[in-house]
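Undergrad: The structure file structure-v3.cif (mmCIF, C-alpha atoms and all ligand atoms) is provided below.
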```cif
data_entry
#
loop_
_atom_site.label_atom_id
_atom_site.label_comp_id
_atom_site.auth_asym_id
_atom_site.auth_seq_id
_atom_site.Cartn_x
_atom_site.Cartn_y
_atom_site.Cartn_z
CA MET A 1 45.68 5.92 -34.20
CA ARG A 2 44.87 5.73 -30.50
CA GLU A 3 48.39 6.54 -29.31
CA LEU A 4 49.76 9.84 -30.57
CA ARG A 5 52.81 10.24 -28.31
CA ASP A 6 56.10 10.20 -30.27
CA LYS A 7 54.26 9.85 -33.59
CA VAL A 8 55.47 12.15 -36.38
CA ALA A 9 53.08 14.55 -38.11
CA VAL A 10 53.50 16.89 -41.07
CA VAL A 11 51.21 19.91 -41.42
CA THR A 12 51.18 21.89 -44.66
CA GLY A 13 50.18 25.52 -44.43
CA GLY A 14 51.71 25.27 -40.96
CA SER A 15 53.34 28.67 -40.56
CA GLY A 16 50.18 30.38 -39.29
CA GLY A 17 46.44 30.19 -38.78
CA ILE A 18 44.80 26.80 -38.40
CA GLY A 19 47.91 24.84 -39.44
CA LEU A 20 49.99 26.42 -36.69
CA ALA A 21 47.23 25.80 -34.13
CA ILE A 22 47.15 22.14 -35.21
CA GLY A 23 50.93 21.93 -34.80
CA GLU A 24 50.65 23.37 -31.30
CA ALA A 25 47.92 20.88 -30.33
CA MET A 26 50.00 18.00 -31.69
CA LEU A 27 53.00 19.06 -29.62
CA ALA A 28 50.75 19.10 -26.55
CA GLU A 29 49.89 15.46 -27.38
CA GLY A 30 53.59 14.57 -27.38
CA MET A 31 53.85 14.27 -31.15
CA LYS A 32 56.82 15.33 -33.23
CA VAL A 33 55.79 17.97 -35.71
CA VAL A 34 56.97 19.24 -39.07
CA LEU A 35 55.41 22.56 -40.04
CA ALA A 36 55.65 23.09 -43.79
CA ASP A 37 54.78 26.26 -45.68
CA ILE A 38 55.66 28.38 -48.66
CA THR A 39 56.20 31.53 -46.55
CA GLU A 40 59.70 30.77 -45.30
CA ASP A 41 60.21 33.78 -42.97
CA THR A 42 56.92 33.26 -41.14
CA LEU A 43 57.67 29.56 -40.90
CA ALA A 44 61.13 30.13 -39.41
CA GLN A 45 59.66 32.63 -36.94
CA ALA A 46 56.92 30.20 -35.86
CA VAL A 47 59.41 27.41 -35.23
CA LYS A 48 61.76 29.77 -33.38
CA GLU A 49 58.93 30.85 -31.09
CA PHE A 50 58.25 27.23 -30.11
CA GLY A 51 61.94 26.96 -29.19
CA ARG A 52 61.92 23.16 -28.82
CA ASP A 53 63.50 20.33 -30.78
CA ASP A 54 60.34 18.25 -31.38
CA VAL A 55 59.14 20.75 -33.98
CA ILE A 56 60.92 21.77 -37.16
CA GLY A 57 59.98 23.84 -40.20
CA ILE A 58 60.50 22.72 -43.79
CA PRO A 59 59.68 25.06 -46.68
CA VAL A 60 57.36 23.48 -49.23
CA ASP A 61 55.35 24.48 -52.25
CA VAL A 62 52.36 22.13 -52.30
CA THR A 63 51.75 22.80 -55.99
CA ASN A 64 55.01 20.99 -56.73
CA PHE A 65 55.01 17.20 -56.26
CA ASP A 66 58.84 17.05 -56.00
CA SER A 67 58.62 19.53 -53.12
CA LEU A 68 56.18 17.20 -51.27
CA GLU A 69 58.42 14.19 -51.88
CA ALA A 70 61.38 16.14 -50.50
CA LEU A 71 59.23 17.10 -47.48
CA ARG A 72 58.45 13.42 -46.81
CA ASP A 73 62.09 12.37 -47.18
CA LYS A 74 63.43 15.17 -44.97
CA THR A 75 60.80 14.36 -42.31
CA ILE A 76 61.81 10.70 -42.25
CA GLU A 77 65.48 11.63 -42.22
CA HIS A 78 65.01 14.02 -39.29
CA PHE A 79 62.47 12.18 -37.09
CA GLY A 80 62.98 8.60 -38.29
CA GLY A 81 59.48 8.13 -39.70
CA VAL A 82 56.16 9.72 -40.55
CA HIS A 83 52.64 8.82 -39.40
CA VAL A 84 50.31 11.74 -40.07
CA ILE A 85 49.95 14.11 -43.02
CA VAL A 86 47.63 17.10 -42.68
CA ASN A 87 47.04 18.58 -46.14
CA ASN A 88 45.97 21.98 -44.91
CA ALA A 89 47.56 24.65 -47.16
CA ALA A 90 45.11 26.69 -49.20
CA VAL A 91 44.59 30.14 -50.67
CA GLY A 92 41.73 32.50 -51.25
CA ALA A 93 42.60 33.97 -54.63
CA GLY A 94 40.63 37.19 -54.29
CA ALA A 95 38.89 36.62 -57.61
CA LYS A 96 36.66 39.43 -58.86
CA GLY A 97 33.15 39.27 -60.25
CA SER A 98 30.99 36.23 -60.87
CA VAL A 99 32.07 32.70 -61.78
CA TRP A 100 32.02 33.46 -65.52
CA GLU A 101 34.18 36.56 -64.97
CA HIS A 102 36.97 35.29 -62.71
CA HIS A 103 40.43 35.54 -64.21
CA LEU A 104 41.66 32.14 -65.34
CA ASN A 105 44.83 32.63 -63.32
CA ASP A 106 42.73 32.92 -60.17
CA TRP A 107 41.14 29.58 -61.05
CA LYS A 108 44.51 28.03 -61.82
CA TRP A 109 46.08 29.28 -58.59
CA SER A 110 43.15 28.12 -56.43
CA LEU A 111 42.94 24.73 -58.09
CA ASP A 112 46.72 24.28 -58.02
CA VAL A 113 47.08 24.96 -54.28
CA ASN A 114 43.73 23.89 -52.84
CA VAL A 115 43.17 20.76 -54.94
CA MET A 116 46.46 19.68 -56.55
CA GLY A 117 48.24 20.57 -53.29
CA VAL A 118 46.13 17.97 -51.46
CA ILE A 119 46.57 15.42 -54.25
CA ASN A 120 50.34 15.97 -54.27
CA GLY A 121 50.41 15.53 -50.48
CA MET A 122 48.39 12.33 -50.68
CA ASN A 123 50.51 10.87 -53.48
CA ALA A 124 53.75 11.71 -51.69
CA PHE A 125 52.81 10.39 -48.22
CA ILE A 126 50.11 7.74 -48.45
CA PRO A 127 52.21 4.95 -50.02
CA THR A 128 54.58 5.16 -47.01
CA LEU A 129 51.67 5.06 -44.55
CA ILE A 130 50.07 2.10 -46.34
CA GLU A 131 53.35 0.22 -46.45
CA GLN A 132 53.79 0.53 -42.67
CA ASN A 133 50.01 -0.03 -42.23
CA GLU A 134 49.86 2.79 -39.71
CA GLY A 135 48.98 6.43 -39.99
CA HIS A 136 46.31 9.00 -40.68
CA VAL A 137 45.54 11.50 -43.43
CA VAL A 138 43.69 14.72 -42.66
CA ASN A 139 42.57 16.89 -45.56
CA THR A 140 41.34 20.35 -44.64
CA SER A 141 38.19 21.24 -46.53
CA SER A 142 35.52 23.72 -45.45
CA GLY A 143 31.83 23.71 -44.57
CA ASN A 144 31.72 25.95 -47.66
CA GLY A 145 32.45 23.04 -49.97
CA ALA A 146 31.00 20.23 -47.88
CA TYR A 147 27.54 21.13 -46.55
CA TYR A 148 26.60 23.54 -49.30
CA PRO A 149 28.38 26.31 -51.24
CA ILE A 150 28.04 29.99 -50.41
CA ALA A 151 27.07 30.75 -54.00
CA SER A 152 28.70 34.18 -54.10
CA SER A 153 32.10 32.74 -53.13
CA GLY A 154 32.10 30.41 -56.19
CA MET A 155 35.75 29.57 -56.68
CA TYR A 156 36.71 28.59 -53.13
CA PRO A 157 33.88 26.09 -52.50
CA VAL A 158 34.58 24.48 -55.87
CA THR A 159 38.08 23.63 -54.64
CA LYS A 160 36.88 22.59 -51.18
CA ALA A 161 34.11 20.37 -52.60
CA ALA A 162 36.87 18.57 -54.51
CA VAL A 163 38.81 18.03 -51.28
CA THR A 164 35.72 16.68 -49.52
CA THR A 165 34.95 14.23 -52.33
CA LEU A 166 38.58 13.22 -52.66
CA THR A 167 38.74 12.38 -48.95
CA GLU A 168 35.50 10.39 -49.08
CA CYS A 169 36.94 8.32 -51.94
CA LEU A 170 40.22 7.96 -50.04
CA TRP A 171 38.37 6.60 -46.99
CA GLY A 172 36.46 4.11 -49.12
CA GLN A 173 39.57 2.92 -50.94
CA LEU A 174 41.57 2.49 -47.71
CA LYS A 175 38.74 0.32 -46.39
CA GLU A 176 38.72 -1.69 -49.63
CA ILE A 177 42.33 -2.72 -49.07
CA ASN A 178 41.73 -3.30 -45.32
CA SER A 179 44.35 -0.71 -44.43
CA GLU A 180 44.74 0.50 -40.86
CA VAL A 181 45.50 3.97 -42.25
CA GLY A 182 42.71 6.38 -41.38
CA ALA A 183 41.34 9.44 -43.16
CA SER A 184 39.49 12.53 -41.98
CA VAL A 185 38.11 15.56 -43.68
CA LEU A 186 38.55 18.59 -41.43
CA LEU A 187 35.78 21.19 -41.74
CA PRO A 188 37.15 24.02 -39.58
CA SER A 189 34.49 25.09 -37.09
CA SER A 190 33.99 25.88 -33.45
CA PRO A 191 31.12 25.70 -30.98
CA THR A 192 32.00 29.33 -30.16
CA PRO A 193 30.18 31.63 -32.60
CA GLY A 194 32.58 33.74 -34.63
CA VAL A 195 35.06 33.82 -37.48
CA LEU A 196 38.33 31.94 -37.66
CA ALA A 197 40.55 34.98 -38.12
CA THR A 198 43.46 33.68 -40.20
CA GLY A 199 45.53 34.63 -43.22
CA ILE A 200 42.98 33.12 -45.63
CA TRP A 201 40.96 36.33 -45.31
CA LYS A 202 43.83 38.25 -46.97
CA ALA A 203 42.48 37.27 -50.35
CA GLY A 204 45.15 37.31 -53.04
CA ALA A 205 48.15 37.54 -50.67
CA ASN A 206 51.47 35.99 -51.74
CA ARG A 207 50.34 35.45 -55.34
CA PRO A 208 53.13 33.69 -57.26
CA ASP A 209 54.29 35.44 -60.45
CA ARG A 210 52.96 32.67 -62.68
CA PHE A 211 49.43 33.49 -61.53
CA LEU A 212 49.57 37.27 -62.03
CA ARG A 213 46.51 38.79 -63.74
CA ASN A 214 47.99 42.03 -65.04
CA ASP A 215 45.83 43.80 -62.48
CA PRO A 216 46.87 46.63 -60.10
CA ASP A 217 45.47 44.56 -57.22
CA ASP A 218 47.86 41.69 -57.94
CA ASN A 219 50.19 42.91 -55.19
CA ASN A 220 47.50 44.50 -53.13
CA PRO A 221 45.53 41.75 -51.39
CA ARG A 222 42.06 42.50 -50.05
CA ASP A 223 41.48 42.34 -46.33
CA ALA A 224 38.20 40.47 -46.62
CA LEU A 225 37.82 40.22 -42.84
CA ALA A 226 38.01 44.01 -42.40
CA GLU A 227 35.46 44.39 -45.22
CA TYR A 228 33.19 41.83 -43.58
CA ARG A 229 33.47 43.63 -40.24
CA GLU A 230 32.47 46.88 -41.97
CA ARG A 231 29.44 45.31 -43.67
CA ALA A 232 28.41 43.62 -40.43
CA ALA A 233 28.80 46.89 -38.49
CA ALA A 234 26.62 48.64 -41.09
CA ALA A 235 24.00 45.94 -40.50
CA GLY A 236 24.32 46.45 -36.72
CA GLN A 237 26.19 43.18 -36.18
CA GLU A 238 29.48 42.33 -34.51
CA VAL A 239 32.00 39.81 -35.77
CA PRO A 240 33.38 37.83 -32.84
CA GLU A 241 36.37 35.50 -33.23
CA ALA A 242 36.31 31.79 -32.48
CA PRO A 243 39.43 30.11 -31.06
CA LEU A 244 41.62 28.29 -33.58
CA SER A 245 42.43 25.77 -30.84
CA ASP A 246 38.87 24.39 -31.30
CA VAL A 247 39.73 23.51 -34.90
CA ALA A 248 43.02 21.99 -33.79
CA ASP A 249 41.17 19.84 -31.22
CA LEU A 250 38.91 18.59 -34.01
CA CYS A 251 41.95 17.58 -36.01
CA ILE A 252 43.37 15.67 -33.03
CA ARG A 253 40.03 13.91 -32.50
CA GLY A 254 39.95 13.05 -36.19
CA ILE A 255 43.30 11.30 -35.91
CA ARG A 256 42.93 9.69 -32.48
CA ASP A 257 39.26 8.66 -32.70
CA ASP A 258 39.30 7.94 -36.43
CA LEU A 259 36.58 10.54 -36.88
CA PHE A 260 35.96 11.00 -40.61
CA TRP A 261 33.86 14.20 -40.47
CA ALA A 262 36.06 16.26 -38.16
CA THR A 263 33.66 19.11 -37.48
CA TYR A 264 31.16 20.52 -35.02
CA PRO A 265 27.73 19.88 -36.56
CA LEU A 266 26.30 23.39 -36.12
CA GLU A 267 22.52 23.66 -36.18
CA GLY A 268 22.32 26.24 -38.99
CA MET A 269 24.58 24.14 -41.19
CA MET A 270 22.53 21.00 -40.55
CA GLU A 271 19.33 22.78 -41.58
CA LYS A 272 21.00 23.89 -44.80
CA LEU A 273 22.23 20.38 -45.40
CA ASP A 274 18.66 19.10 -45.01
CA ASP A 275 17.46 21.80 -47.43
CA ARG A 276 20.10 20.81 -49.95
CA TYR A 277 19.29 17.12 -49.86
CA ALA A 278 15.55 17.86 -49.94
CA SER A 279 16.17 19.92 -53.07
CA MET A 280 18.06 17.03 -54.66
CA LYS A 281 15.51 14.41 -53.68
CA ASN A 282 12.52 16.53 -54.70
CA LEU A 283 14.19 17.84 -57.86
CA SER A 284 13.37 21.35 -56.67
CA PRO A 285 15.56 24.42 -57.38
CA PRO A 286 18.38 25.13 -54.90
CA GLU A 287 16.55 27.98 -53.17
CA TYR A 288 18.79 27.52 -50.12
CA LEU A 289 21.53 29.26 -52.13
CA ARG A 290 19.63 32.53 -52.28
CA GLU A 291 20.66 33.90 -48.89
CA VAL A 292 22.60 37.16 -48.74
CA ASN A 293 25.80 36.32 -46.94
CA LEU A 294 27.52 39.27 -45.31
CA MET A 295 30.83 37.42 -45.56
CA SER A 296 30.89 38.03 -49.26
CA ALA A 297 31.41 41.39 -50.94
CA ALA A 298 29.83 40.00 -54.12
CA ALA A 299 26.68 39.06 -52.22
CA ASP A 300 26.60 42.52 -50.72
CA GLU A 301 26.86 44.14 -54.15
CA ARG A 302 24.22 41.87 -55.62
CA SER A 303 21.88 42.58 -52.74
CA LYS A 304 22.04 46.27 -53.68
CA GLN A 305 21.13 45.63 -57.31
N1 LIG B 1 39.85 30.42 -41.66
C1 LIG B 1 38.67 29.92 -42.00
O1 LIG B 1 37.61 30.53 -41.78
C2 LIG B 1 38.58 28.59 -42.68
C3 LIG B 1 37.32 27.99 -42.80
C4 LIG B 1 37.22 26.78 -43.44
C5 LIG B 1 38.35 26.16 -43.96
N2 LIG B 1 39.58 26.77 -43.83
C6 LIG B 1 40.73 26.06 -44.36
O2 LIG B 1 41.71 25.94 -43.33
C7 LIG B 1 43.00 25.73 -43.94
C8 LIG B 1 44.01 26.64 -43.27
O3 LIG B 1 43.73 27.99 -43.64
P1 LIG B 1 43.80 29.20 -42.61
O4 LIG B 1 42.41 29.66 -42.41
O5 LIG B 1 44.63 28.84 -41.44
O6 LIG B 1 44.49 30.31 -43.51
P2 LIG B 1 46.03 30.75 -43.59
O7 LIG B 1 46.13 31.62 -44.79
O8 LIG B 1 46.42 31.36 -42.28
O9 LIG B 1 46.81 29.40 -43.80
C9 LIG B 1 47.04 28.82 -45.07
C10 LIG B 1 48.53 28.57 -45.22
O10 LIG B 1 48.78 27.94 -46.48
C11 LIG B 1 50.02 28.43 -46.96
N3 LIG B 1 50.18 28.22 -48.40
C12 LIG B 1 49.59 28.90 -49.42
N4 LIG B 1 50.04 28.46 -50.60
C13 LIG B 1 50.92 27.46 -50.34
C14 LIG B 1 51.72 26.61 -51.15
N5 LIG B 1 51.70 26.70 -52.49
N6 LIG B 1 52.51 25.72 -50.55
C15 LIG B 1 52.55 25.63 -49.18
N7 LIG B 1 51.84 26.42 -48.36
C16 LIG B 1 51.02 27.32 -48.93
C17 LIG B 1 49.98 29.92 -46.60
O11 LIG B 1 51.27 30.50 -46.61
C18 LIG B 1 49.34 29.88 -45.20
O12 LIG B 1 50.31 29.83 -44.18
C19 LIG B 1 42.80 26.01 -45.43
O13 LIG B 1 42.68 24.77 -46.10
C20 LIG B 1 41.49 26.76 -45.48
O14 LIG B 1 40.86 26.63 -46.71
C21 LIG B 1 39.70 27.96 -43.20
#
```
Could you write out this structure as structure tokens?
Ligand SMILES: NC(=O)c1ccc[n+]([C@@H]2O[C@H](COP(=O)([O-])OP(=O)(O)OC[C@H]3O[C@@H](n4cnc5c(N)ncnc54)[C@H](O)[C@@H]3O)[C@@H](O)[C@H]2O)c1
TA:
Amino acid sequence: MRELRDKVAVVTGGSGGIGLAIGEAMLAEGMKVVLADITEDTLAQAVKEFGRDDVIGIPVDVTNFDSLEALRDKTIEHFGGVHVIVNNAAVGAGAKGSVWEHHLNDWKWSLDVNVMGVINGMNAFIPTLIEQNEGHVVNTSSGNGAYYPIASSGMYPVTKAAVTTLTECLWGQLKEINSEVGASVLLPSSPTPGVLATGIWKAGANRPDRFLRNDPDDNNPRDALAEYRERAAAAGQEVPEAPLSDVADLCIRGIRDDLFWATYPLEGMMEKLDDRYASMKNLSPPEYLREVNLMSAAADERSKQ
């Protein structure tokens, strides 16, 4: 979609973090924007702060298909159409232990939001885009779930690998029907070294009742970023922050330039990718997974064993 001005975009997970930064970048391109999120107060506050009539907020629960259909219909009713859907909402469930120990409700919550949320968004919006033969779908995945998994973070990259694969299949199927609708997988990244300091680091925050684990930490989310900063400080390292606007720019390039892999190919990641494919081609064990990653408390604990 070369021309973005006056086009209508919907961004799920849009009340903060990367989704909000994407909304801001879209407004700067002259697009009309619907920010959609489950956290209604934060959403209302974000829209109020923009204080302009080309952006609105619509509450949505991406785990509920009816909610996504209502989001599509309200968008069309308000702005007269829809051209871009960014399936960006996700959670970090704050699961404890190793993959065979995680509570099943952590799995269900992660899969429901991070995978079914994207599927629900695609099913609700793509038929409209195909019918008008114009539009773009962006699914937010992660390098951790595209290049290679950080083994100690198990649950999250499982969900993000699903989003990556889903978007690859989507691209192929859109080409098969000669549709002008484009697809991108957004792997949030920045050329500036540092973390993307967003709500996703508050692992376990806003857990819906149906995914409770009967655990005292159910209403006490971890601040994984603060923990990471502590571990890094203990190892004599700092944790700088990268600008979220870099990720938003990637999303815009994905839509405007029809860039499928919307990411900055960082050198370290590319080396790992080579290692992974070498391991597959040579049938050798995935030794590249053995690194101790300071981002993960589990890795830290294991490294002490
Ligand atoms: N921050 C990073 O380092 C990073 C890295 C790679 C990928 N990502 C991905 O970027 C995307 C945005 O995450 P973020 O980092 O901005 O974190 P974030 O927590 O700030 O944003 C995620 C948003 O999703 C919303 N959400 C959660 N459950 C929902 C539901 N059921 N329905 C609707 N909305 C729901 C949350 O309220 C939140 O506003 C996610 O897909 C995340 O996996 C983030």
Undergrad: Measuring between only C-alpha atoms, which one of A:Thr198, A:Asn120, A:Ser67, A:Asn87 shows the shortest distance to A:Ala9?
TA: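 Among A:Thr198, A:Asn120, A:Ser67, A:Asn87, it is A:Asn87 that comes nearest to A:Ala9.
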Undergrad: Take the point (43.0, 11.9, -39.2) in the file's coordinates, draw a sphere of radius 7 Å around it, and report as a list in words every protein, DNA or RNA residue with an atom inside or on it, counting all atoms listed in the file.
TA: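 These residues have at least one counted atom within 7 Å: His136, Val137, Val138, Gly182, Ala183, Ser184, Cys251, Gly254, Ile255, Asp258 and Leu259 of chain A.
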Undergrad: What's the separation between atom CA of A:Trp171 and atom CA of A:Val185, in Å to one decimal place?
TA: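 Separation of atom CA of A:Trp171 and atom CA of A:Val185: 9.6 Å.
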Undergrad: Please indicate the distance in Å from atom CA of A:Glu168 to atom CA of A:Gly145, rounded to one decimal place.
TA: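 According to the coordinates, atom CA of A:Glu168 and atom CA of A:Gly145 are separated by 13.0 Å.
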Undergrad: Please determine, counting all atoms listed in the file, which residue among A:Asn178, A:Asn133, A:Ser245, A:Asn220 has the shortest atom-to-atom distance to ligand LIG 1 (chain B).
TA: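 Using all atoms listed in the file, ligand LIG 1 (chain B) sits closest to A:Ser245.
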Undergrad: Would you work out the distance separating atom CA of A:Asp246 from atom CA of A:Ala25, expressed in Å to one decimal?
TA: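 About the pair atom CA of A:Asp246 and atom CA of A:Ala25: they are 9.8 Å apart.
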Undergrad: Tell me which of A:Glu77, A:Glu238, A:Asp112, A:Glu3 sits closest to ligand LIG 1 (chain B), counting all atoms listed in the file.
TA: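 Checking each candidate against ligand LIG 1 (chain B), we get A:Asp112 as the closest.
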Undergrad: Looking at A:Ala124, A:Met269, A:Val55, A:Ala224, which one is nearest to A:Asp73, with distances taken over all atoms listed in the file?
TA: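 With all atoms listed in the file as the atom set, the closest residue is A:Ala124.
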Undergrad: Using all atoms listed in the file, which of A:Ala70, A:Gly92, A:Ser110, A:Gly14 sits nearest A:Arg222?
TA: A:Gly92
Undergrad: Just want the 8 Å neighbourhood of stretch 147-164 of chain A, counted on only C-alpha atoms, with same-chain residues fewer than 4 positions away dropped. Output as a VMD selection string.
TA: chain A and resid 92 95 98 to 99 107 110 to 111 114 to 115 118 139 to 143 168 185 269 to 270 272 to 273 276 289 to 290 293 296 298 to 299
Undergrad: Find the spatial neighbours of A:Asn206, counting only C-alpha atoms, within a cut-off of 12 Å - ignore same-chain residues fewer than 2 positions away - and output them as a PyMOL selection string.
TA: chain A and resi 37-40+90-94+109+199-200+202-204+208-212+217-222
Undergrad: Which of these residues is nearest to A:Trp201, using all atoms listed in the file: A:Gly17, A:Pro265, A:Gly97, A:Gly81?
TA: A:Gly17
Undergrad: Some atoms are absent from stretch 112-134 of chain A, so rebuild N, CA and C atoms and return them as a CSV table (one decimal), keeping the file's coordinate frame.
TA:
```csv
chain,number,residue,atom,x,y,z
A,112,ASP,N,45.4,24.8,-58.2
A,112,ASP,CA,46.7,24.3,-58.0
A,112,ASP,C,47.1,24.1,-56.5
A,113,VAL,N,46.8,25.1,-55.7
A,113,VAL,CA,47.1,25.0,-54.3
A,113,VAL,C,46.0,24.1,-53.6
A,114,ASN,N,44.8,24.5,-53.7
A,114,ASN,CA,43.7,23.9,-52.8
A,114,ASN,C,43.4,22.5,-53.2
A,115,VAL,N,43.5,22.1,-54.5
A,115,VAL,CA,43.2,20.8,-54.9
A,115,VAL,C,44.4,20.0,-55.3
A,116,MET,N,45.2,20.4,-56.2
A,116,MET,CA,46.5,19.7,-56.6
A,116,MET,C,47.4,19.6,-55.3
A,117,GLY,N,47.4,20.6,-54.5
A,117,GLY,CA,48.2,20.6,-53.3
A,117,GLY,C,47.9,19.4,-52.4
A,118,VAL,N,46.6,19.1,-52.3
A,118,VAL,CA,46.1,18.0,-51.5
A,118,VAL,C,46.5,16.7,-52.2
A,119,ILE,N,46.3,16.6,-53.5
A,119,ILE,CA,46.6,15.4,-54.2
A,119,ILE,C,48.1,15.1,-54.2
A,120,ASN,N,48.9,16.2,-54.4
A,120,ASN,CA,50.3,16.0,-54.3
A,120,ASN,C,50.7,15.4,-52.9
A,121,GLY,N,50.1,16.0,-51.8
A,121,GLY,CA,50.4,15.5,-50.5
A,121,GLY,C,50.0,14.1,-50.3
A,122,MET,N,48.9,13.7,-50.8
A,122,MET,CA,48.4,12.3,-50.7
A,122,MET,C,49.3,11.4,-51.4
A,123,ASN,N,49.7,11.8,-52.7
A,123,ASN,CA,50.5,10.9,-53.5
A,123,ASN,C,51.9,10.7,-52.9
A,124,ALA,N,52.4,11.8,-52.2
A,124,ALA,CA,53.8,11.7,-51.7
A,124,ALA,C,53.8,10.9,-50.4
A,125,PHE,N,52.7,11.0,-49.6
A,125,PHE,CA,52.8,10.4,-48.2
A,125,PHE,C,52.1,9.1,-48.1
A,126,ILE,N,51.0,8.9,-48.8
A,126,ILE,CA,50.1,7.7,-48.4
A,126,ILE,C,50.8,6.4,-48.7
A,127,PRO,N,51.6,6.3,-49.8
A,127,PRO,CA,52.2,5.0,-50.0
A,127,PRO,C,53.1,4.5,-48.8
A,128,THR,N,53.8,5.5,-48.2
A,128,THR,CA,54.6,5.2,-47.0
A,128,THR,C,53.7,4.7,-45.9
A,129,LEU,N,52.6,5.4,-45.7
A,129,LEU,CA,51.7,5.1,-44.6
A,129,LEU,C,51.1,3.7,-44.8
A,130,ILE,N,50.7,3.4,-46.0
A,130,ILE,CA,50.1,2.1,-46.3
A,130,ILE,C,51.1,1.0,-46.1
A,131,GLU,N,52.3,1.3,-46.6
A,131,GLU,CA,53.4,0.2,-46.4
A,131,GLU,C,53.6,-0.2,-45.0
A,132,GLN,N,53.6,0.8,-44.1
A,132,GLN,CA,53.8,0.5,-42.7
A,132,GLN,C,52.5,0.2,-42.0
A,133,ASN,N,51.4,0.3,-42.7
A,133,ASN,CA,50.0,0.0,-42.2
A,133,ASN,C,49.7,0.7,-40.9
A,134,GLU,N,50.1,2.0,-40.9
A,134,GLU,CA,49.9,2.8,-39.7
A,134,GLU,C,49.9,4.2,-40.1
```
